[in-house]
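In what follows, a structure is listed as structure tokens, so that the remarks can point back to it.
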Amino acid sequence: MVAAEGAGAVGERASGRGSAASGGGSGTRTVGPSGVNATVATELRAVELIGAAIGEGAPDAGARAGPQSLKRWGLGRRLAARGRDVRWGPIVSSDRRLLGHGPLHVVGEFSERLAGVVGAALAAGRLPVVVGGDHSCAVGTWSAAAAALRRAAGGARALGLVWIDAHLDAHTPETSASQQPHGMPLAALLGHGVPALTGVAGGFPKLRPEHVVLIGPRSWEPAEAALLERLGVRVMAADEVVRRGFGACVAEARERVSRGTAGWGVSFDLDALDPADAPGTGVKVADGLRIAAVRDALHGLGCDPRLVACELVEYNPRLDDDRVTARAVDAVLGALLDRRGCDGPAGLPAEGERRGRPTAPP
Ligand SMILES: [Mn+2]
């Protein structure tokens, strides 16, 4: 069952892309003489915000209220102000009546329903942006994206994924002391773990190790690190990010997840950020990414037509302080989706120039 809570357009931009291409109104951008902006406006897919209201995958279930809280706060309207057609789709809610069977059962059942909603958005030609909820929702989001690419005809059909997180999320029930499902989604997507998670949207591994890059982990257990190392997953831990700069890491990650894949996505856990920038999340770790660097590095990535979906998770409104974390959510997703990043010379440098250019301060 999917609880569709007020699906519909938000913001003035949602009424039609033609109005954005005309350059009038909100003043977020202007149309250049080349007509490049008008072209971009017609090519960008509409964004469908999908709520993943689940918290049972984490010790503090508060993230379950995250999507509804962000919706009430006006996340859709704020993102639409970046010049894209943004609307809320369903908010999918976990079934707490299943908790007696254990959290993995709750997550598995939820994941199938979330995958159905994400798959429908993809089939309709929209860009799904999943807002969590604890990170166990990644199983549903990326299983659906992988299944959709697998069904597409011809050539590369694999999914690439950039996973930005303070943790590795690569536990299996055998290695996890806490047994918390939100510590397991990446392992499950790689085909390791319980069938309730690995079998969502079809029993095939959703990700190949060479198509995954983790950025920013700074807290993990040896067993999950060992799994990723054995599989050969590229992990850019926090010390590497500090050394090279987040922008350089994102550029390399994007290149890796684009190679040999049909499309790629971004899964962003708010705990990747420094607690000063994102206090409203359940498992905070000191010395995280700063929001300004993240905003700069992610700006315009959503212009890539091969971006399949995005996900931002672990927003816990009860732990948020004066909506500091909600503003971080808006900053991260706004940078990713900002149409002004698509304008080439008028916006950020074109793709070829950006690649390998570190954005970190000297
Ligand atoms: Mn995570």
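Going by the structure tokens order, chains are called A, B, ..., each with residues numbered from 1, while ligands are numbered from 1 in the order shown.
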
- Query: Could you list, as number ranges by chain, all the residues within 10 Å of ligand 1, counting only C-alpha atoms and all ligand atoms?
  - Reply: A: 134-138, 163-170, 182-186, 217, 267-272, 283, 312-314

- Counting only C-alpha atoms, what is within 10 Å of A:Ala238, bar same-chain residues fewer than 3 positions away, as a ChimeraX atom specification? /A:165-166,215-219,235,241-246,272,287-289

Could you turn the residues from that selection into a file that holds N, CA and C atoms, as a PDB file, in the first residue's frame?
```pdb
ATOM      1  N   ASP A 165      28.591   9.246   2.303  1.00  0.00           N
ATOM      2  CA  ASP A 165      28.156   8.734   3.607  1.00  0.00           C
ATOM      3  C   ASP A 165      29.309   8.806   4.600  1.00  0.00           C
ATOM      4  N   ALA A 166      28.976   8.928   5.892  1.00  0.00           N
ATOM      5  CA  ALA A 166      30.003   8.807   6.938  1.00  0.00           C
ATOM      6  C   ALA A 166      30.340   7.353   7.217  1.00  0.00           C
ATOM      7  N   ILE A 215      32.139   7.951  -1.065  1.00  0.00           N
ATOM      8  CA  ILE A 215      32.886   9.156  -0.723  1.00  0.00           C
ATOM      9  C   ILE A 215      32.563   9.578   0.710  1.00  0.00           C
ATOM     10  N   GLY A 216      33.614   9.782   1.491  1.00  0.00           N
ATOM     11  CA  GLY A 216      33.478  10.413   2.789  1.00  0.00           C
ATOM     12  C   GLY A 216      33.379   9.545   4.020  1.00  0.00           C
ATOM     13  N   PRO A 217      33.443   8.180   3.918  1.00  0.00           N
ATOM     14  CA  PRO A 217      33.300   7.396   5.147  1.00  0.00           C
ATOM     15  C   PRO A 217      34.417   7.692   6.149  1.00  0.00           C
ATOM     16  N   ARG A 218      34.031   7.749   7.426  1.00  0.00           N
ATOM     17  CA  ARG A 218      35.007   8.000   8.478  1.00  0.00           C
ATOM     18  C   ARG A 218      34.681   7.209   9.743  1.00  0.00           C
ATOM     19  N   SER A 219      33.758   6.260   9.643  1.00  0.00           N
ATOM     20  CA  SER A 219      33.419   5.406  10.780  1.00  0.00           C
ATOM     21  C   SER A 219      32.917   4.070  10.236  1.00  0.00           C
ATOM     22  N   VAL A 235      36.701   3.081  -2.434  1.00  0.00           N
ATOM     23  CA  VAL A 235      36.263   3.830  -1.255  1.00  0.00           C
ATOM     24  C   VAL A 235      37.183   5.031  -1.073  1.00  0.00           C
ATOM     25  N   VAL A 241      39.455  12.499   1.078  1.00  0.00           N
ATOM     26  CA  VAL A 241      38.635  13.659   0.703  1.00  0.00           C
ATOM     27  C   VAL A 241      39.288  14.941   1.195  1.00  0.00           C
ATOM     28  N   VAL A 242      39.830  14.911   2.413  1.00  0.00           N
ATOM     29  CA  VAL A 242      40.513  16.089   2.965  1.00  0.00           C
ATOM     30  C   VAL A 242      41.746  16.417   2.116  1.00  0.00           C
ATOM     31  N   ARG A 243      42.459  15.393   1.733  1.00  0.00           N
ATOM     32  CA  ARG A 243      43.712  15.585   0.993  1.00  0.00           C
ATOM     33  C   ARG A 243      43.448  16.126  -0.420  1.00  0.00           C
ATOM     34  N   ARG A 244      42.471  15.556  -1.109  1.00  0.00           N
ATOM     35  CA  ARG A 244      42.257  15.901  -2.524  1.00  0.00           C
ATOM     36  C   ARG A 244      41.200  16.962  -2.744  1.00  0.00           C
ATOM     37  N   GLY A 245      40.307  17.121  -1.791  1.00  0.00           N
ATOM     38  CA  GLY A 245      39.169  18.007  -1.968  1.00  0.00           C
ATOM     39  C   GLY A 245      37.959  17.211  -2.434  1.00  0.00           C
ATOM     40  N   PHE A 246      36.786  17.576  -1.927  1.00  0.00           N
ATOM     41  CA  PHE A 246      35.568  16.844  -2.245  1.00  0.00           C
ATOM     42  C   PHE A 246      35.248  16.934  -3.737  1.00  0.00           C
ATOM     43  N   ALA A 272      27.059  12.264   6.179  1.00  0.00           N
ATOM     44  CA  ALA A 272      28.323  12.599   5.505  1.00  0.00           C
ATOM     45  C   ALA A 272      28.750  14.022   5.855  1.00  0.00           C
ATOM     46  N   ASP A 287      33.796  15.805  12.188  1.00  0.00           N
ATOM     47  CA  ASP A 287      34.723  16.103  11.080  1.00  0.00           C
ATOM     48  C   ASP A 287      34.204  15.657   9.721  1.00  0.00           C
ATOM     49  N   GLY A 288      32.984  16.054   9.410  1.00  0.00           N
ATOM     50  CA  GLY A 288      32.413  15.683   8.121  1.00  0.00           C
ATOM     51  C   GLY A 288      32.597  16.748   7.060  1.00  0.00           C
ATOM     52  N   LEU A 289      31.956  16.509   5.941  1.00  0.00           N
ATOM     53  CA  LEU A 289      32.014  17.436   4.811  1.00  0.00           C
ATOM     54  C   LEU A 289      31.308  18.743   5.184  1.00  0.00           C
TER      55      LEU A 289
END
```

- Query: For A:Ala52, which residue out of A:Trp264, A:Phe204, A:Trp220, A:Trp88 is the nearest one, using only C-alpha atoms?
  - Reply: A:Trp88

- Task: Run DSSP on the backbone and grab whatever in stretch 93-335 of chain A lands in strand (DSSP E); send it over as a VMD selection string.
- Result: chain A and resid 93 127 to 132 159 to 164 212 to 215 234 to 236 263 to 269 307 to 313

- Task: Can you pull out every residue within 12 Å of A:Arg323, counting only C-alpha atoms, but drop anything in the same chain fewer than 6 positions away, and send it as a PyMOL selection string?
- Result: chain A and resi 66+69-70+73-75+277-281+315-317+329-330

Restricting it to N, CA and C atoms, dump the selection as a JSON list (two decimals), in the first residue's frame.
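So the final result, stored in selection-v2.json, reads:
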```json
[["chain", "number", "residue", "atom", "x", "y", "z"],
["A", 66, "GLY", "N", 10.75, 12.22, 8.50],
["A", 66, "GLY", "CA", 11.53, 13.16, 7.71],
["A", 66, "GLY", "C", 10.85, 13.67, 6.44],
["A", 69, "SER", "N", 7.88, 16.01, 7.07],
["A", 69, "SER", "CA", 8.35, 17.26, 7.66],
["A", 69, "SER", "C", 8.97, 18.18, 6.60],
["A", 70, "LEU", "N", 9.76, 17.61, 5.71],
["A", 70, "LEU", "CA", 10.39, 18.41, 4.65],
["A", 70, "LEU", "C", 9.34, 18.90, 3.65],
["A", 73, "TRP", "N", 7.63, 21.81, 5.20],
["A", 73, "TRP", "CA", 8.57, 22.93, 5.26],
["A", 73, "TRP", "C", 8.68, 23.65, 3.91],
["A", 74, "GLY", "N", 8.27, 22.96, 2.86],
["A", 74, "GLY", "CA", 8.29, 23.60, 1.55],
["A", 74, "GLY", "C", 9.47, 23.21, 0.68],
["A", 75, "LEU", "N", 9.99, 21.99, 0.88],
["A", 75, "LEU", "CA", 11.14, 21.55, 0.08],
["A", 75, "LEU", "C", 10.83, 21.59, -1.41],
["A", 277, "ASP", "N", 26.73, 21.32, 10.23],
["A", 277, "ASP", "CA", 25.88, 21.65, 9.08],
["A", 277, "ASP", "C", 24.63, 20.78, 9.02],
["A", 278, "ALA", "N", 24.66, 19.63, 9.69],
["A", 278, "ALA", "CA", 23.52, 18.71, 9.65],
["A", 278, "ALA", "C", 23.35, 18.03, 11.01],
["A", 279, "PRO", "N", 22.87, 18.79, 12.01],
["A", 279, "PRO", "CA", 22.65, 18.18, 13.33],
["A", 279, "PRO", "C", 21.45, 17.23, 13.34],
["A", 280, "GLY", "N", 20.55, 17.36, 12.38],
["A", 280, "GLY", "CA", 19.30, 16.62, 12.41],
["A", 280, "GLY", "C", 19.39, 15.26, 11.77],
["A", 281, "THR", "N", 20.30, 14.43, 12.23],
["A", 281, "THR", "CA", 20.46, 13.09, 11.70],
["A", 281, "THR", "C", 20.89, 12.16, 12.83],
["A", 315, "TYR", "N", 17.15, 12.21, 7.34],
["A", 315, "TYR", "CA", 16.69, 13.46, 7.95],
["A", 315, "TYR", "C", 15.76, 13.13, 9.12],
["A", 316, "ASN", "N", 16.16, 13.56, 10.31],
["A", 316, "ASN", "CA", 15.35, 13.32, 11.52],
["A", 316, "ASN", "C", 14.91, 14.67, 12.08],
["A", 317, "PRO", "N", 13.65, 15.05, 11.82],
["A", 317, "PRO", "CA", 13.20, 16.40, 12.21],
["A", 317, "PRO", "C", 13.27, 16.64, 13.70],
["A", 329, "VAL", "N", 19.50, 19.99, 3.41],
["A", 329, "VAL", "CA", 18.83, 19.15, 2.41],
["A", 329, "VAL", "C", 18.53, 19.97, 1.17],
["A", 330, "ASP", "N", 17.98, 21.15, 1.38],
["A", 330, "ASP", "CA", 17.67, 22.04, 0.26],
["A", 330, "ASP", "C", 18.93, 22.42, -0.52]]
```

- Extract, using only C-alpha atoms, all DNA, RNA and protein residues at most 10 Å from A:Ala187, discarding same-chain residues fewer than 3 positions from it, and format them as number ranges by chain. A: 139, 168-172, 183-184, 190-194, 197-198, 205, 207, 224, 227-228

- All helix (DSSP H, G or I) residues (DSSP, backbone) inside stretch 202-274 of chain A, as a count of residues only: 36

- Query: Looking at A:Val285, A:Ala147, A:Leu273, A:Gly57, which one is nearest to A:Val308, with distances taken over only C-alpha atoms?
  - Reply: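 Result for the nearest residue to A:Val308: A:Ala147.
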
- Item | Residue nearest A:Thr261 among A:Pro103, A:Gly108, A:Pro67, A:Gly154 (counting only C-alpha atoms) |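 The answer is A:Gly154, which sits nearest to A:Thr261.
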
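Each of A:Arg64, A:Arg77, A:Arg72, A:Arg234 was compared to A:Val92 using only C-alpha atoms, and A:Arg64 turns out to be the nearest.
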
- Message: Taking 4 positions as the minimum chain separation for residues in the same chain, which residues sit within 8 Å of A:Gln68 when counting only C-alpha atoms? Answer as a PyMOL selection string.
- Response: chain A and resi 51+53+72+91

- Item | Spatial neighbours of A:Arg84, 7 Å, only C-alpha atoms, chain gap at least 2 places, as a list in words |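 Returned residues: Arg13, Ala46, Ala80, Arg82, Val86 and Arg339 of chain A.
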